[in-house]
file coords-v1.pdb (PDB, C-alpha atoms)
ATOM      1  CA  MET L   1       0.000   0.000   0.000
ATOM      2  CA  GLN L   2       1.101   3.518  -0.701
ATOM      3  CA  ALA L   3       1.479   6.334   1.767
ATOM      4  CA  PRO L   4      -1.548   8.622   1.374
ATOM      5  CA  VAL L   5      -1.099  11.525  -1.029
ATOM      6  CA  ASN L   6      -1.879  13.979   1.772
ATOM      7  CA  TYR L   7       1.350  13.008   3.542
ATOM      8  CA  TYR L   8       3.341  14.108   0.528
ATOM      9  CA  LEU L   9       1.397  17.341   0.256
ATOM     10  CA  VAL L  10       2.138  18.203   3.891
ATOM     11  CA  LEU L  11       5.820  17.324   3.481
ATOM     12  CA  ALA L  12       5.941  19.550   0.401
ATOM     13  CA  ALA L  13       4.378  22.374   2.431
ATOM     14  CA  ILE L  14       7.073  21.979   5.097
ATOM     15  CA  LEU L  15       9.855  22.004   2.505
ATOM     16  CA  PHE L  16       8.331  25.082   0.873
ATOM     17  CA  ALA L  17       8.208  26.870   4.214
ATOM     18  CA  ILE L  18      11.852  25.992   4.911
ATOM     19  CA  GLY L  19      12.790  27.421   1.507
ATOM     20  CA  ALA L  20      10.824  30.595   2.168
ATOM     21  CA  PHE L  21      12.515  30.859   5.556
ATOM     22  CA  GLY L  22      15.902  30.691   3.853
ATOM     23  CA  VAL L  23      14.991  33.385   1.347
ATOM     24  CA  LEU L  24      13.858  35.692   4.148
ATOM     25  CA  LEU L  25      16.658  34.960   6.609
ATOM     26  CA  ARG L  26      19.854  34.573   4.618
ATOM     27  CA  ARG L  27      21.882  37.473   3.259
ATOM     28  CA  ASN L  28      24.153  35.443   0.967
ATOM     29  CA  VAL L  29      22.591  35.680  -2.502
ATOM     30  CA  ILE L  30      23.896  32.241  -3.513
ATOM     31  CA  VAL L  31      22.148  30.635  -0.537
ATOM     32  CA  ILE L  32      19.018  32.638  -1.347
ATOM     33  CA  LEU L  33      19.063  31.119  -4.855
ATOM     34  CA  MET L  34      19.455  27.649  -3.306
ATOM     35  CA  SER L  35      16.447  28.297  -1.101
ATOM     36  CA  VAL L  36      14.436  29.279  -4.165
ATOM     37  CA  GLU L  37      15.439  25.935  -5.719
ATOM     38  CA  LEU L  38      14.163  24.197  -2.602
ATOM     39  CA  MET L  39      10.814  25.992  -2.919
ATOM     40  CA  LEU L  40      10.543  24.996  -6.588
ATOM     41  CA  ASN L  41      11.214  21.376  -5.624
ATOM     42  CA  ALA L  42       8.511  21.446  -2.986
ATOM     43  CA  VAL L  43       6.055  22.632  -5.633
ATOM     44  CA  ASN L  44       7.234  19.821  -7.925
ATOM     45  CA  VAL L  45       6.476  17.255  -5.219
ATOM     46  CA  THR L  46       2.960  18.664  -4.967
ATOM     47  CA  PHE L  47       2.518  18.437  -8.734
ATOM     48  CA  VAL L  48       3.674  14.821  -8.865
ATOM     49  CA  ALA L  49       1.598  13.781  -5.843
ATOM     50  CA  LEU L  50      -1.547  15.305  -7.313
ATOM     51  CA  ALA L  51      -0.748  13.859 -10.744
ATOM     52  CA  ARG L  52      -0.735  10.427  -9.149
ATOM     53  CA  LYS L  53      -3.966  11.141  -7.353
ATOM     54  CA  ALA L  54      -5.627  12.400 -10.548
ATOM     55  CA  GLN L  55      -4.134   9.468 -12.478
ATOM     56  CA  SER L  56      -2.935  11.825 -15.185
ATOM     57  CA  VAL L  57       0.620  12.493 -16.324
ATOM     58  CA  ASP L  58      -0.117  16.184 -16.968
ATOM     59  CA  GLY L  59       1.323  17.050 -13.566
ATOM     60  CA  GLN L  60       4.563  15.286 -14.418
ATOM     61  CA  VAL L  61       4.792  17.162 -17.711
ATOM     62  CA  ILE L  62       4.452  20.434 -15.821
ATOM     63  CA  VAL L  63       7.267  19.354 -13.496
ATOM     64  CA  PHE L  64       9.384  18.910 -16.608
ATOM     65  CA  PHE L  65       8.715  22.529 -17.568
ATOM     66  CA  VAL L  66       9.368  23.765 -14.024
ATOM     67  CA  MET L  67      12.759  22.029 -14.085
ATOM     68  CA  THR L  68      13.634  23.716 -17.365
ATOM     69  CA  VAL L  69      12.698  27.134 -16.049
ATOM     70  CA  ALA L  70      14.645  26.446 -12.832
ATOM     71  CA  ALA L  71      17.745  25.540 -14.819
ATOM     72  CA  ALA L  72      17.459  28.727 -16.882
ATOM     73  CA  GLU L  73      16.869  30.781 -13.749
ATOM     74  CA  VAL L  74      19.951  29.382 -12.008
ATOM     75  CA  ALA L  75      22.152  30.004 -15.039
ATOM     76  CA  ILE L  76      21.048  33.635 -15.275
ATOM     77  CA  GLY L  77      21.070  34.174 -11.516
ATOM     78  CA  LEU L  78      24.587  32.864 -11.044
ATOM     79  CA  ALA L  79      25.808  34.878 -14.044
ATOM     80  CA  ILE L  80      24.384  38.018 -12.434
ATOM     81  CA  ILE L  81      26.020  37.103  -9.103
ATOM     82  CA  LEU L  82      29.368  36.591 -10.839
ATOM     83  CA  ALA L  83      29.138  39.861 -12.775
ATOM     84  CA  ASN L  84      28.163  41.702  -9.610
ATOM     85  CA  PHE L  85      30.974  40.101  -7.613
ATOM     86  CA  ALA L  86      33.503  41.125 -10.250
ATOM     87  CA  GLN L  87      32.537  44.761  -9.701
ATOM     88  CA  ARG L  88      31.702  44.985  -6.016
ATOM     89  CA  ARG L  89      33.429  42.017  -4.336
ATOM     90  CA  THR L  90      30.370  41.035  -2.345
ATOM     91  CA  VAL L  91      27.569  38.468  -2.330
ATOM     92  CA  ASN L  92      25.739  40.087   0.573
ATOM     93  CA  ALA L  93      22.199  40.974  -0.412
ATOM     94  CA  ASP L  94      22.238  43.993   1.909
ATOM     95  CA  GLU L  95      25.168  45.529   0.047
ATOM     96  CA  ILE L  96      23.700  44.981  -3.400
ATOM     97  CA  GLY L  97      21.310  47.882  -3.641
ATOM     98  CA  LEU L  98      21.823  48.778  -7.279
ATOM     99  CA  LEU L  99      18.167  48.449  -8.236
ATOM    100  CA  ARG L 100      16.798  49.708  -4.950
ATOM    101  CA  TRP L 101      14.894  52.899  -5.095
TER     102      TRP L 101
ATOM    103  CA  MET E 102       3.489  -0.684   9.081
ATOM    104  CA  ASP E 103       3.725  -0.836   5.328
ATOM    105  CA  PRO E 104       7.152  -0.572   3.780
ATOM    106  CA  ASP E 105       5.869   2.343   1.686
ATOM    107  CA  VAL E 106       4.801   4.291   4.760
ATOM    108  CA  ILE E 107       8.107   3.554   6.493
ATOM    109  CA  LEU E 108       9.914   4.770   3.380
ATOM    110  CA  PHE E 109       7.843   7.938   3.477
ATOM    111  CA  TRP E 110       8.837   8.703   7.065
ATOM    112  CA  VAL E 111      12.517   8.039   6.389
ATOM    113  CA  VAL E 112      12.402  10.350   3.382
ATOM    114  CA  ALA E 113      10.436  12.945   5.322
ATOM    115  CA  VAL E 114      12.943  13.117   8.195
ATOM    116  CA  LEU E 115      15.981  13.114   5.903
ATOM    117  CA  SER E 116      14.575  15.736   3.527
ATOM    118  CA  VAL E 117      13.524  18.140   6.277
ATOM    119  CA  ALA E 118      16.860  17.736   8.073
ATOM    120  CA  SER E 119      18.926  18.290   4.946
ATOM    121  CA  ALA E 120      16.718  21.186   3.824
ATOM    122  CA  LEU E 121      17.217  22.884   7.190
ATOM    123  CA  THR E 122      20.969  22.324   6.915
ATOM    124  CA  ALA E 123      20.967  23.757   3.400
ATOM    125  CA  VAL E 124      19.152  26.853   4.588
ATOM    126  CA  LEU E 125      20.875  27.421   7.917
ATOM    127  CA  HIS E 126      24.512  26.375   7.533
ATOM    128  CA  ARG E 127      26.936  29.269   7.454
ATOM    129  CA  ASN E 128      29.362  27.692   4.978
ATOM    130  CA  PRO E 129      27.887  27.906   1.437
ATOM    131  CA  VAL E 130      29.699  24.720   0.339
ATOM    132  CA  TYR E 131      27.930  22.715   3.045
ATOM    133  CA  CYS E 132      24.690  24.399   2.033
ATOM    134  CA  ALA E 133      25.168  23.137  -1.527
ATOM    135  CA  LEU E 134      26.004  19.600  -0.347
ATOM    136  CA  ALA E 135      22.978  19.515   1.959
ATOM    137  CA  LEU E 136      20.919  20.765  -0.982
ATOM    138  CA  VAL E 137      22.075  17.762  -3.032
ATOM    139  CA  MET E 138      20.865  15.514  -0.214
ATOM    140  CA  ALA E 139      17.484  17.244  -0.105
ATOM    141  CA  LEU E 140      17.117  17.009  -3.898
ATOM    142  CA  PHE E 141      17.928  13.288  -3.788
ATOM    143  CA  GLN E 142      15.207  12.821  -1.191
ATOM    144  CA  VAL E 143      12.805  14.597  -3.527
ATOM    145  CA  ALA E 144      13.865  12.157  -6.267
ATOM    146  CA  VAL E 145      13.016   9.267  -3.915
ATOM    147  CA  MET E 146       9.597  10.827  -3.359
ATOM    148  CA  PHE E 147       9.111  10.986  -7.131
ATOM    149  CA  VAL E 148       9.907   7.267  -7.408
ATOM    150  CA  ALA E 149       7.476   6.484  -4.607
ATOM    151  CA  LEU E 150       4.829   8.475  -6.471
ATOM    152  CA  ASP E 151       5.339   6.544  -9.732
ATOM    153  CA  ALA E 152       7.133   9.372 -11.537
ATOM    154  CA  HIS E 153      10.171   7.394 -12.640
ATOM    155  CA  LEU E 154      11.211   9.569 -15.578
ATOM    156  CA  ILE E 155      10.876  12.724 -13.498
ATOM    157  CA  ALA E 156      12.951  11.153 -10.717
ATOM    158  CA  LEU E 157      15.709  10.398 -13.205
ATOM    159  CA  LEU E 158      15.569  13.942 -14.566
ATOM    160  CA  GLN E 159      15.656  15.268 -11.014
ATOM    161  CA  VAL E 160      18.958  13.521 -10.329
ATOM    162  CA  ILE E 161      20.502  14.464 -13.665
ATOM    163  CA  VAL E 162      19.317  18.059 -13.888
ATOM    164  CA  TYR E 163      19.385  19.131 -10.238
ATOM    165  CA  ALA E 164      22.108  17.094  -8.597
ATOM    166  CA  GLY E 165      24.086  16.756 -11.806
ATOM    167  CA  ALA E 166      23.840  20.196 -13.335
ATOM    168  CA  ILE E 167      22.356  22.826 -11.079
ATOM    169  CA  VAL E 168      24.176  22.013  -7.846
ATOM    170  CA  VAL E 169      27.456  21.568  -9.721
ATOM    171  CA  LEU E 170      26.896  25.052 -11.117
ATOM    172  CA  PHE E 171      26.304  26.352  -7.582
ATOM    173  CA  LEU E 172      29.452  24.665  -6.285
ATOM    174  CA  PHE E 173      31.417  25.966  -9.251
ATOM    175  CA  VAL E 174      30.400  29.539  -8.515
ATOM    176  CA  ILE E 175      31.047  29.162  -4.762
ATOM    177  CA  MET E 176      34.529  27.804  -5.437
ATOM    178  CA  LEU E 177      35.179  30.440  -8.094
ATOM    179  CA  LEU E 178      34.352  33.234  -5.677
ATOM    180  CA  SER E 179      36.237  31.413  -2.865
ATOM    181  CA  LEU E 180      33.702  32.621  -0.325
ATOM    182  CA  GLU E 181      34.382  32.742   3.371
ATOM    183  CA  PRO E 182      31.713  31.248   5.620
ATOM    184  CA  ASP E 183      29.180  33.942   6.449
ATOM    185  CA  ALA E 184      29.837  35.975   9.542
ATOM    186  CA  PRO E 185      27.619  34.984  12.465
ATOM    187  CA  PRO E 186      24.437  37.008  12.233
ATOM    188  CA  ARG E 187      24.389  39.924  14.613
ATOM    189  CA  GLY E 188      21.511  42.203  15.458
ATOM    190  CA  ARG E 189      18.473  42.223  13.205
ATOM    191  CA  TYR E 190      16.516  40.195  15.762
ATOM    192  CA  GLY E 191      13.256  41.657  14.505
ATOM    193  CA  MET E 192      13.973  40.510  10.955
ATOM    194  CA  ARG E 193      14.960  37.027  12.131
ATOM    195  CA  ALA E 194      11.891  36.636  14.325
ATOM    196  CA  ALA E 195       9.696  37.911  11.509
ATOM    197  CA  SER E 196      11.137  35.451   8.980
ATOM    198  CA  ILE E 197      10.704  32.519  11.391
ATOM    199  CA  MET E 198       7.117  33.582  12.025
ATOM    200  CA  ILE E 199       6.302  34.039   8.340
ATOM    201  CA  ALA E 200       7.789  30.630   7.483
ATOM    202  CA  VAL E 201       5.918  28.856  10.294
ATOM    203  CA  VAL E 202       2.620  30.512   9.390
ATOM    204  CA  LEU E 203       3.142  29.660   5.721
ATOM    205  CA  GLY E 204       3.974  26.016   6.474
ATOM    206  CA  VAL E 205       1.063  25.557   8.878
ATOM    207  CA  GLU E 206      -1.318  27.239   6.442
ATOM    208  CA  ILE E 207      -0.412  25.162   3.383
ATOM    209  CA  GLY E 208       0.013  22.026   5.494
ATOM    210  CA  THR E 209      -3.426  22.368   7.042
ATOM    211  CA  ALA E 210      -4.962  22.975   3.636
ATOM    212  CA  ALA E 211      -3.270  19.819   2.373
ATOM    213  CA  LEU E 212      -4.373  17.814   5.425
ATOM    214  CA  ILE E 213      -8.025  18.770   5.326
ATOM    215  CA  SER E 214      -8.311  18.372   1.572
ATOM    216  CA  GLU E 215     -10.052  15.257   0.376
ATOM    217  CA  PRO E 216      -8.304  12.322   2.037
ATOM    218  CA  GLY E 217      -5.804  10.867  -0.342
ATOM    219  CA  ALA E 218      -6.880   7.291  -0.601
ATOM    220  CA  PRO E 219      -4.211   5.594  -2.692
ATOM    221  CA  PHE E 220      -5.402   4.908  -6.206
ATOM    222  CA  ARG E 221      -4.301   2.158  -8.445
ATOM    223  CA  VAL E 222      -2.586   3.551 -11.486
ATOM    224  CA  PRO E 223      -1.751   1.839 -14.767
ATOM    225  CA  PHE E 224       1.358  -0.287 -14.684
ATOM    226  CA  ASP E 225       3.336   2.079 -16.939
ATOM    227  CA  PHE E 226       2.201   5.272 -15.180
ATOM    228  CA  GLY E 227       4.992   7.839 -15.293
ATOM    229  CA  SER E 228       7.048   5.841 -17.745
ATOM    230  CA  THR E 229       9.035   7.588 -20.445
ATOM    231  CA  ARG E 230       6.532   6.478 -23.067
ATOM    232  CA  MET E 231       3.533   7.857 -21.218
ATOM    233  CA  VAL E 232       5.105  11.191 -20.291
ATOM    234  CA  ALA E 233       6.584  11.632 -23.761
ATOM    235  CA  GLN E 234       3.248  10.907 -25.388
ATOM    236  CA  SER E 235       1.624  13.694 -23.390
ATOM    237  CA  LEU E 236       4.612  15.995 -23.895
ATOM    238  CA  PHE E 237       4.812  15.663 -27.673
ATOM    239  CA  THR E 238       1.087  15.758 -28.438
ATOM    240  CA  GLU E 239      -0.879  17.752 -25.922
ATOM    241  CA  HIS E 240       1.935  20.011 -24.707
ATOM    242  CA  LEU E 241       3.936  20.370 -27.885
ATOM    243  CA  LEU E 242       3.767  24.180 -28.061
ATOM    244  CA  PRO E 243       5.043  24.798 -24.500
ATOM    245  CA  PHE E 244       7.736  22.225 -25.157
ATOM    246  CA  GLU E 245       8.948  24.107 -28.210
ATOM    247  CA  LEU E 246       8.772  27.402 -26.341
ATOM    248  CA  THR E 247      11.025  25.833 -23.718
ATOM    249  CA  SER E 248      13.801  25.662 -26.287
ATOM    250  CA  VAL E 249      13.430  29.383 -26.938
ATOM    251  CA  LEU E 250      13.591  30.025 -23.189
ATOM    252  CA  LEU E 251      16.790  28.007 -22.891
ATOM    253  CA  LEU E 252      18.333  29.869 -25.828
ATOM    254  CA  VAL E 253      17.465  33.218 -24.258
ATOM    255  CA  ALA E 254      18.872  32.083 -20.903
ATOM    256  CA  MET E 255      22.066  30.883 -22.559
ATOM    257  CA  ILE E 256      22.632  34.147 -24.425
ATOM    258  CA  GLY E 257      21.737  36.120 -21.311
ATOM    259  CA  ALA E 258      24.192  34.194 -19.160
ATOM    260  CA  VAL E 259      26.986  34.667 -21.677
ATOM    261  CA  VAL E 260      26.324  38.392 -21.942
ATOM    262  CA  MET E 261      26.130  38.803 -18.154
ATOM    263  CA  ALA E 262      29.263  36.799 -17.438
ATOM    264  CA  ARG E 263      31.418  38.557 -20.007
ATOM    265  CA  ARG E 264      33.875  40.967 -18.476
ATOM    266  CA  ARG E 265      32.682  44.532 -18.819
ATOM    267  CA  ALA E 266      34.717  46.684 -21.160
TER     268      ALA E 266
END
call {"tool": "encode", "arguments": {"input": "coords-v1.pdb", "output": "structure tokens"}}
result
Amino acid sequence: MQAPVNYYLVLAAILFAIGAFGVLLRRNVIVILMSVELMLNAVNVTFVALARKAQSVDGQVIVFFVMTVAAAEVAIGLAIILANFAQRRTVNADEIGLLRW
Amino acid sequence: MDPDVILFWVVAVLSVASALTAVLHRNPVYCALALVMALFQVAVMFVALDAHLIALLQVIVYAGAIVVLFLFVIMLLSLEPDAPPRGRYGMRAASIMIAVVLGVEIGTAALISEPGAPFRVPFDFGSTRMVAQSLFTEHLLPFELTSVLLLVAMIGAVVMARRRA
């Protein structure tokens, strides 16, 4: 017998909250990006769990797209971090206020 | 207890522990390694939920590509471990509170939703054939747009990473 789908949904909620916690708490932009990855993964778990419950692979296809977008996001994000570090020698989110009004 | 339920609890404990390590550890390298652990646990969840292709992609794309990229950048910048946080108690308390409220809120919604009685699914549910069939017929347009997105991301990353004149 399988563990009920609700278990997975609750676990995904916990992982999402941990990711959100990291985004709010940490000042290192690289760790903030990692936390965002964690949040995306929690959402993926929800998609797959509900896809199984609905007996449709549509949810799994969406996870495929989410992974693609996550990969693109990380590539761009890390490139921005590198370019910023080359100029300012910092990865602290508090010291990167270039776009702040 | 069923082996599947035992597996769930093992994965649950390991994933939450490694996710907390990834978020809280002061050394970014350890954060990245803990993140690998958490992503592997997510892959195990995918297998348990009959998403075999997605689980494989999870290991290849996340553990294989994304985290390596993270580690590469961390090593390239040769970062020191973050200084211990000082002050900003209000901000820290607020972020803990927001995270707890968020988790409890979504978790409760998931718990009280229709009880997830396990369904029987077709034998080949989540197989490459089944996912690919849906991907290349029903979702063909988004799939093609994905390639454009990747191209844009690639060009963007190259432009961003180039040394400024």
call {"tool": "resolve_selection", "arguments": {"input": "coords-v1.pdb", "expression": "the PyMOL selection byres ((chain L and resi 34-39) around 9)", "output": "PyMOL selection string"}}
result
(chain L and resi 12+15-23+29-33+40-44+70+74) or (chain E and resi 120+123-124+132-133+136+139-140+168+171)
call {"tool": "closest_residue", "arguments": {"input": "coords-v1.pdb", "among": "L:Ala51, L:Ala79, L:Arg88, L:Arg100", "to": "chain E", "atoms": "all atoms listed in the file"}}
result
L:Ala79
call {"tool": "closest_residue", "arguments": {"input": "coords-v1.pdb", "among": "L:Arg52, L:Gly77, L:Pro4, L:Val45", "to": "Phe64 (chain L)", "atoms": "only C-alpha atoms"}}
result
L:Val45
call {"tool": "residues_around", "arguments": {"input": "coords-v1.pdb", "residues": "Met261 (chain E)", "least_positions_apart": "2", "cutoff": "9 Å", "atoms": "only C-alpha atoms", "output": "number ranges by chain"}}
result
L: 76, 79-80, 82-83; E: 256-259, 263-265
call {"tool": "residues_around", "arguments": {"input": "coords-v1.pdb", "residues": "Asn84 (chain L)", "least_positions_apart": "5", "cutoff": "10 Å", "atoms": "all atoms listed in the file", "output": "number ranges by chain"}}
result
L: 78-79, 89-91, 96, 98; E: 261-262
call {"tool": "resolve_selection", "arguments": {"input": "coords-v1.pdb", "expression": "the PyMOL selection byres ((chain E and resi 229) around 12)", "output": "MDAnalysis selection string"}}
result
(chainID L and resid 57 60:61 64) or (chainID E and resid 151:158 225:228 230:237)
call {"tool": "atom_distance", "arguments": {"input": "coords-v1.pdb", "atom1": "CA of Leu121 (chain E)", "atom2": "CA of Val202 (chain E)"}}
result
16.6 Å
call {"tool": "interface_residues", "arguments": {"input": "coords-v1.pdb", "of": "chain E", "to": "chain L", "cutoff": "6 Å", "atoms": "all atoms listed in the file", "output": "ChimeraX atom specification"}}
result
/E:105-106,124,196,200,203-204,207-208,211-212,217-219,254,258,261-262
call {"tool": "write_last_selection", "arguments": {"input": "coords-v1.pdb", "atoms": "C-alpha atoms", "output": "CSV table (one decimal), in the frame of the given file"}}
result
chain,number,residue,atom,x,y,z
E,105,ASP,CA,5.9,2.3,1.7
E,106,VAL,CA,4.8,4.3,4.8
E,124,VAL,CA,19.2,26.9,4.6
E,196,SER,CA,11.1,35.5,9.0
E,200,ALA,CA,7.8,30.6,7.5
E,203,LEU,CA,3.1,29.7,5.7
E,204,GLY,CA,4.0,26.0,6.5
E,207,ILE,CA,-0.4,25.2,3.4
E,208,GLY,CA,0.0,22.0,5.5
E,211,ALA,CA,-3.3,19.8,2.4
E,212,LEU,CA,-4.4,17.8,5.4
E,217,GLY,CA,-5.8,10.9,-0.3
E,218,ALA,CA,-6.9,7.3,-0.6
E,219,PRO,CA,-4.2,5.6,-2.7
E,254,ALA,CA,18.9,32.1,-20.9
E,258,ALA,CA,24.2,34.2,-19.2
E,261,MET,CA,26.1,38.8,-18.2
E,262,ALA,CA,29.3,36.8,-17.4
call {"tool": "atom_distance", "arguments": {"input": "coords-v1.pdb", "atom1": "CA of Ala194 (chain E)", "atom2": "CA of Asp94 (chain L)"}}
result
17.8 Å
call {"tool": "atom_distance", "arguments": {"input": "coords-v1.pdb", "atom1": "CA of Met138 (chain E)", "atom2": "CA of Gln159 (chain E)"}}
result
12.0 Å
call {"tool": "closest_residue", "arguments": {"input": "coords-v1.pdb", "among": "E:Val148, E:Met198, E:Tyr131, E:Phe141", "to": "Val160 (chain E)", "atoms": "all atoms listed in the file"}}
result
E:Phe141
